[in-house]
$ cat final.txt   # compact mmCIF, C-alpha atoms and all ligand atoms
# COMPACT_ATOMS: atom_id res chain seq x y z
CA MET A 1 0.00 0.00 0.00
CA GLU A 2 1.26 3.48 -0.86
CA LEU A 3 1.19 6.12 1.84
CA TRP A 4 1.15 9.81 0.85
CA PHE A 5 1.20 13.09 2.77
CA SER A 6 -0.60 15.99 1.11
CA GLU A 7 -0.60 19.67 1.93
CA TYR A 8 -3.42 21.82 0.61
CA GLN A 9 -1.47 24.75 -0.78
CA SER A 10 -4.77 26.34 -1.70
CA LYS A 11 -8.28 24.98 -1.81
CA ASN A 12 -7.64 23.36 -5.16
CA VAL A 13 -3.91 22.71 -5.23
CA ARG A 14 -2.19 19.96 -3.27
CA PHE A 15 1.47 19.09 -2.80
CA SER A 16 1.99 15.38 -2.12
CA VAL A 17 4.98 13.36 -1.11
CA ARG A 18 5.24 9.62 -0.79
CA ILE A 19 5.89 8.46 2.76
CA LYS A 20 8.23 5.65 3.72
CA ASP A 21 7.50 5.79 7.40
CA MET A 22 5.58 7.86 9.88
CA LEU A 23 8.05 8.54 12.70
CA TYR A 24 6.16 10.80 15.08
CA SER A 25 2.87 12.60 15.56
CA LYS A 26 1.77 14.67 18.49
CA LYS A 27 -0.92 17.14 19.34
CA THR A 28 1.00 19.88 21.17
CA PRO A 29 -0.76 22.72 23.04
CA TYR A 30 -0.33 24.83 19.89
CA GLN A 31 -0.46 22.58 16.83
CA PHE A 32 -0.37 19.10 15.33
CA LEU A 33 3.23 18.06 14.76
CA CYS A 34 4.33 15.18 12.51
CA VAL A 35 7.64 13.77 11.32
CA PHE A 36 7.82 11.49 8.28
CA ASP A 37 10.51 9.68 6.36
CA THR A 38 9.82 10.11 2.66
CA GLU A 39 11.00 8.37 -0.48
CA ASP A 40 12.58 11.34 -2.22
CA MET A 41 12.57 14.36 0.10
CA GLY A 42 14.37 12.93 3.11
CA ARG A 43 12.81 13.56 6.48
CA ILE A 44 9.98 16.05 6.74
CA MET A 45 8.33 18.01 9.56
CA THR A 46 4.76 19.24 9.28
CA LEU A 47 2.73 21.48 11.62
CA ASP A 48 -1.04 21.37 11.19
CA ASP A 49 -0.46 19.50 7.92
CA VAL A 50 1.72 22.27 6.51
CA VAL A 51 5.28 21.39 5.40
CA GLN A 52 7.82 23.21 7.57
CA LEU A 53 10.94 21.62 6.21
CA THR A 54 12.37 18.67 4.37
CA THR A 55 15.98 17.61 4.82
CA LYS A 56 16.36 17.75 1.03
CA ASP A 57 15.72 21.48 0.57
CA GLU A 58 15.82 23.09 4.03
CA PHE A 59 19.30 24.47 3.30
CA VAL A 60 17.89 27.01 0.86
CA TYR A 61 15.49 28.52 3.37
CA HIS A 62 17.87 28.46 6.33
CA GLU A 63 20.87 29.85 4.45
CA MET A 64 18.84 32.61 2.86
CA ILE A 65 16.96 33.73 5.96
CA SER A 66 20.28 33.91 7.89
CA HIS A 67 23.20 34.86 5.66
CA VAL A 68 21.48 37.65 3.73
CA PRO A 69 20.81 39.78 6.84
CA LEU A 70 23.99 38.75 8.68
CA PHE A 71 26.31 39.60 5.79
CA THR A 72 24.36 42.81 5.16
CA HIS A 73 25.01 43.88 8.75
CA ARG A 74 28.67 42.81 8.55
CA SER A 75 29.43 42.65 12.28
CA PRO A 76 26.44 41.13 14.06
CA GLU A 77 27.11 40.07 17.64
CA ARG A 78 23.68 39.50 19.17
CA VAL A 79 21.05 37.76 17.06
CA LEU A 80 17.46 36.85 17.92
CA VAL A 81 15.41 34.18 16.15
CA ILE A 82 11.66 34.23 16.65
CA GLY A 83 10.10 30.84 15.89
CA GLY A 84 12.47 28.47 14.13
CA GLY A 85 12.25 25.77 16.81
CA ASP A 86 13.71 23.20 14.41
CA GLY A 87 17.08 24.94 14.84
CA GLY A 88 18.00 25.28 11.15
CA THR A 89 18.31 29.07 11.35
CA VAL A 90 20.37 28.92 14.57
CA ARG A 91 22.70 26.41 12.89
CA GLU A 92 23.41 28.87 10.06
CA ILE A 93 23.80 31.90 12.36
CA LEU A 94 26.41 30.07 14.42
CA LYS A 95 28.63 29.83 11.33
CA HIS A 96 29.21 33.59 11.82
CA PRO A 97 31.46 34.93 14.59
CA VAL A 98 28.45 36.02 16.67
CA LYS A 99 28.60 36.29 20.46
CA GLU A 100 25.03 35.37 21.35
CA VAL A 101 22.05 33.76 19.66
CA HIS A 102 18.66 33.84 21.37
CA LEU A 103 15.85 31.63 20.08
CA VAL A 104 12.32 32.25 21.26
CA GLU A 105 9.93 29.48 20.24
CA ILE A 106 6.41 29.24 21.60
CA ASP A 107 6.14 25.46 21.17
CA GLU A 108 8.72 23.52 23.15
CA GLN A 109 7.59 20.30 21.44
CA VAL A 110 8.99 21.51 18.11
CA ILE A 111 12.43 21.87 19.70
CA GLU A 112 12.18 18.44 21.33
CA ALA A 113 11.08 16.76 18.09
CA SER A 114 13.91 18.40 16.20
CA LYS A 115 16.49 17.28 18.75
CA LYS A 116 15.23 13.75 18.33
CA PHE A 117 14.55 13.49 14.60
CA PHE A 118 16.60 16.27 12.97
CA PRO A 119 20.08 16.20 14.52
CA SER A 120 21.52 17.95 11.46
CA LEU A 121 19.28 20.96 12.17
CA SER A 122 19.26 21.07 15.95
CA SER A 123 23.00 20.80 16.60
CA GLY A 124 23.25 24.51 17.48
CA PHE A 125 21.09 24.15 20.58
CA SER A 126 24.06 22.78 22.49
CA ASP A 127 26.42 25.59 21.41
CA PRO A 128 27.39 27.75 24.43
CA ARG A 129 26.45 30.90 22.47
CA THR A 130 22.81 29.73 22.14
CA SER A 131 20.03 30.42 24.66
CA VAL A 132 16.55 29.03 24.14
CA PHE A 133 13.38 30.63 25.52
CA CYS A 134 10.05 28.81 25.24
CA GLU A 135 7.63 31.69 25.22
CA ASP A 136 5.63 33.96 22.96
CA GLY A 137 7.90 35.97 20.65
CA ILE A 138 5.43 38.86 20.65
CA GLU A 139 5.88 39.40 24.39
CA PHE A 140 9.60 38.58 24.26
CA VAL A 141 10.51 41.46 21.93
CA LYS A 142 8.72 43.91 24.18
CA LYS A 143 11.03 43.02 27.07
CA ASN A 144 14.35 42.14 25.42
CA LYS A 145 16.42 44.59 23.44
CA GLY A 146 19.86 45.26 22.02
CA TYR A 147 19.92 42.90 19.03
CA ASP A 148 21.86 43.50 15.81
CA VAL A 149 19.71 41.16 13.73
CA ILE A 150 16.25 39.70 14.37
CA ILE A 151 15.03 36.84 12.19
CA ILE A 152 11.35 35.93 12.15
CA ASP A 153 11.30 32.25 11.17
CA SER A 154 7.58 31.72 11.58
CA THR A 155 4.94 29.39 10.23
CA ASP A 156 2.31 30.64 7.77
CA PRO A 157 0.25 33.62 8.99
CA LEU A 158 -2.37 31.43 10.66
CA GLY A 159 -3.16 30.46 14.27
CA PRO A 160 -0.41 31.31 16.78
CA ALA A 161 1.70 33.07 14.10
CA VAL A 162 -0.81 35.76 13.08
CA GLY A 163 0.56 38.33 15.54
CA LEU A 164 4.07 37.90 14.09
CA PHE A 165 2.93 39.66 10.92
CA SER A 166 1.40 42.80 12.42
CA ARG A 167 2.54 46.40 12.27
CA GLU A 168 2.60 46.62 16.09
CA PHE A 169 4.93 43.64 16.23
CA TYR A 170 7.28 45.14 13.61
CA ARG A 171 7.39 48.31 15.72
CA ASP A 172 8.42 46.28 18.78
CA VAL A 173 11.05 44.52 16.66
CA PHE A 174 12.33 47.94 15.58
CA TYR A 175 12.81 49.01 19.21
CA ALA A 176 14.44 45.70 20.12
CA LEU A 177 17.14 46.35 17.48
CA ASN A 178 20.31 48.43 17.84
CA ASP A 179 20.69 51.59 15.74
CA ASP A 180 22.12 49.72 12.74
CA GLY A 181 19.80 46.75 13.28
CA ILE A 182 18.22 44.60 10.59
CA MET A 183 15.18 42.33 10.66
CA VAL A 184 14.08 39.66 8.22
CA ALA A 185 10.78 37.80 8.08
CA GLN A 186 9.78 34.89 5.90
CA THR A 187 6.90 36.32 3.88
CA GLU A 188 5.41 33.46 1.89
CA SER A 189 4.84 32.77 -1.78
CA PRO A 190 3.92 35.55 -4.20
CA PHE A 191 1.80 33.03 -6.12
CA PHE A 192 -0.44 32.10 -3.21
CA TYR A 193 -0.02 35.00 -0.80
CA GLY A 194 0.32 38.06 -3.05
CA GLU A 195 -2.10 40.25 -1.10
CA PHE A 196 -0.44 39.25 2.14
CA LEU A 197 3.03 40.16 0.85
CA LYS A 198 1.77 43.55 -0.23
CA ARG A 199 0.32 44.24 3.22
CA VAL A 200 3.38 43.04 5.11
CA TYR A 201 5.70 45.04 2.86
CA SER A 202 3.68 48.16 3.53
CA ASP A 203 3.66 47.50 7.31
CA ILE A 204 7.41 46.93 7.48
CA SER A 205 8.04 50.04 5.32
CA SER A 206 5.98 52.11 7.72
CA VAL A 207 8.46 51.26 10.48
CA PHE A 208 11.90 50.84 8.85
CA LYS A 209 13.95 53.26 6.75
CA PHE A 210 14.82 50.55 4.20
CA THR A 211 12.49 47.70 3.26
CA ASN A 212 13.49 45.12 0.65
CA VAL A 213 12.00 41.88 -0.55
CA TYR A 214 14.25 39.07 -1.75
CA THR A 215 13.48 35.61 -3.07
CA ALA A 216 14.79 32.05 -3.11
CA VAL A 217 13.58 28.84 -4.69
CA ILE A 218 12.24 26.30 -2.20
CA PRO A 219 10.74 23.34 -4.08
CA THR A 220 8.54 21.99 -1.27
CA TYR A 221 6.86 25.29 -0.37
CA PRO A 222 3.78 26.57 -2.25
CA GLY A 223 4.74 28.16 -5.53
CA ALA A 224 8.42 27.24 -4.98
CA LEU A 225 9.37 30.91 -5.36
CA TRP A 226 9.58 32.14 -1.77
CA THR A 227 9.91 35.65 -0.37
CA PHE A 228 11.72 37.17 2.59
CA THR A 229 11.24 40.79 3.62
CA MET A 230 14.05 42.76 5.23
CA GLY A 231 13.65 45.92 7.28
CA SER A 232 16.80 47.88 8.03
CA LYS A 233 17.27 50.89 10.31
CA SER A 234 20.29 52.52 8.72
CA ILE A 235 22.16 50.15 6.38
CA ASP A 236 20.85 50.13 2.81
CA PRO A 237 21.08 46.45 1.80
CA ILE A 238 21.26 47.32 -1.89
CA SER A 239 24.25 49.61 -1.55
CA VAL A 240 26.28 47.13 0.48
CA ASN A 241 28.87 46.07 -2.06
CA SER A 242 31.91 43.82 -2.05
CA MET A 243 30.02 41.14 -0.18
CA LYS A 244 32.31 39.02 1.96
CA LEU A 245 32.92 35.47 0.81
CA PRO A 246 31.60 33.18 3.53
CA GLU A 247 34.36 31.43 5.41
CA PHE A 248 32.23 28.31 5.52
CA ASP A 249 30.52 26.07 3.00
CA THR A 250 27.17 27.08 1.60
CA LYS A 251 24.97 25.29 -0.89
CA TYR A 252 22.65 28.09 -2.04
CA TYR A 253 23.96 31.36 -0.63
CA SER A 254 26.88 33.11 -2.33
CA PRO A 255 27.92 36.77 -2.70
CA ASP A 256 26.43 36.78 -6.22
CA ILE A 257 23.17 35.27 -5.00
CA HIS A 258 23.14 37.92 -2.27
CA LYS A 259 23.38 40.74 -4.79
CA ASN A 260 20.86 39.21 -7.14
CA CYS A 261 18.23 37.91 -4.74
CA PHE A 262 16.91 41.47 -4.34
CA VAL A 263 16.17 41.64 -8.08
CA LEU A 264 12.48 40.84 -8.32
CA PRO A 265 10.45 39.50 -11.22
CA PRO A 266 8.18 42.30 -12.48
CA PHE A 267 5.00 40.61 -11.18
CA VAL A 268 6.42 40.58 -7.64
CA GLN A 269 7.81 44.10 -7.94
CA LYS A 270 4.40 45.27 -9.03
CA MET A 271 2.74 43.67 -6.00
CA ILE A 272 4.77 45.74 -3.60
CA SER A 273 4.83 49.01 -5.57
CA LYS A 274 2.35 51.58 -4.41
N1 LIG B 1 8.81 28.20 8.36
C1 LIG B 1 8.09 28.62 7.18
C2 LIG B 1 7.28 27.50 6.62
C3 LIG B 1 6.25 27.99 5.67
C4 LIG B 1 5.86 26.89 4.79
N2 LIG B 1 4.55 27.10 4.26
C5 LIG B 1 3.85 26.16 3.63
N3 LIG B 1 4.40 25.00 3.39
N4 LIG B 1 2.64 26.42 3.31
C6 LIG B 1 9.77 27.21 8.19
C7 LIG B 1 10.43 26.83 9.43
C8 LIG B 1 11.78 26.30 9.16
N5 LIG B 1 12.69 26.72 10.14
$ encode --input "final.txt" --output "structure tokens"
Amino acid sequence: MELWFSEYQSKNVRFSVRIKDMLYSKKTPYQFLCVFDTEDMGRIMTLDDVVQLTTKDEFVYHEMISHVPLFTHRSPERVLVIGGGDGGTVREILKHPVKEVHLVEIDEQVIEASKKFFPSLSSGFSDPRTSVFCEDGIEFVKKNKGYDVIIIDSTDPLGPAVGLFSREFYRDVFYALNDDGIMVAQTESPFFYGEFLKRVYSDISSVFKFTNVYTAVIPTYPGALWTFTMGSKSIDPISVNSMKLPEFDTKYYSPDIHKNCFVLPPFVQKMISK
């Protein structure tokens, strides 16, 4: 018998992957968490039946959400990740000479499942520079300040994540950042979430001096073309030239990708233009 997992990417579009084995499923206080082994995509984690990551393509998302803001800043020392309980973003940040990484994840069960089933993502949790806080990111940024970079590695804008895409939240993120601080949020697919991207872009622009959308290709996410939106207090990400070559291996990120990821296809550019 064939076993398949399907995500409804919209009411009438499904993404399906053939399952080898169901490794874990748990109803946490916040969501329904599953881990599968698949035939072609490696191991996959889903939350409320939405694909969060596969071990085959997670490197694209985690490299791009981390290295683009960190190399734009150039000397980040204190970095905050909101969400991202799988640890993939923390793993990438720790490749930089940062002093401190804080991760605030509302659902402790995501961290536990990642430690158990995704050792290649969760290795950074045991690094002495990492501190983990299991609480609501929205409250956390109101109380904790002094970050150089804040990365919002959230789920889709549904359920517990809705507040992570509001103008009030971006304002709190602004105040939690140092004067040359930079934030990045994952902002979904322009094919399925065009209206949403437009709204978020306008909210982030109302708070930050520089707001820029960049893209990456993530095959297992809806539309494959994925967006990230960066807000920067004083550094213009477009004028940062002579990008440093990473002193570590990357599989998607490179200085050329960095420069070019801000170049948007006209249909995406149009979505965010007033
Ligand atoms: N967070 C963003 C996942 C969004 C995927 N959306 C979807 N499949 N509809 C990823 C968390 C990885 N650290």
$ closest_residue --input "final.txt" --among "A:Tyr175, A:Tyr61, A:Trp4, A:Phe208" --to "ligand LIG 1 (chain B)" --atoms "only C-alpha atoms and all ligand atoms"
A:Tyr61
$ residues_near_ligand --input "final.txt" --ligand "ligand LIG 1 (chain B)" --cutoff "6 Å" --atoms "only C-alpha atoms and all ligand atoms" --output "PyMOL selection string"
chain A and resi 50-53+84+86+88+153-156+221-222
$ residues_around --input "final.txt" --residues "Val263 of chain A" --least-positions-apart "4" --cutoff "12 Å" --atoms "all atoms listed in the file" --output "ChimeraX atom specification"
/A:212-216,227,238,256-259,267-269
$ residues_around --input "final.txt" --residues "Lys145 of chain A" --least-positions-apart "5" --cutoff "10 Å" --atoms "all atoms listed in the file" --output "PyMOL selection string"
chain A and resi 78+80+140+172-178
$ residues_around --input "final.txt" --residues "segment 232-235 of chain A" --least-positions-apart "5" --cutoff "10 Å" --atoms "all atoms listed in the file" --output "PyMOL selection string"
chain A and resi 69+72-73+149+174+177-184+204-205+207-212+240
$ closest_residue --input "final.txt" --among "A:Ile218, A:Met1, A:Leu245, A:Met41" --to "His96 of chain A" --atoms "all atoms listed in the file"
A:Leu245
$ closest_residue --input "final.txt" --among "A:Ala113, A:Ile106, A:Cys261, A:Ile151" --to "Tyr30 of chain A" --atoms "all atoms listed in the file"
A:Ile106
$ atom_distance --input "final.txt" --atom1 "atom CA of Arg91 of chain A" --atom2 "atom CA of Leu121 of chain A"
6.5 Å
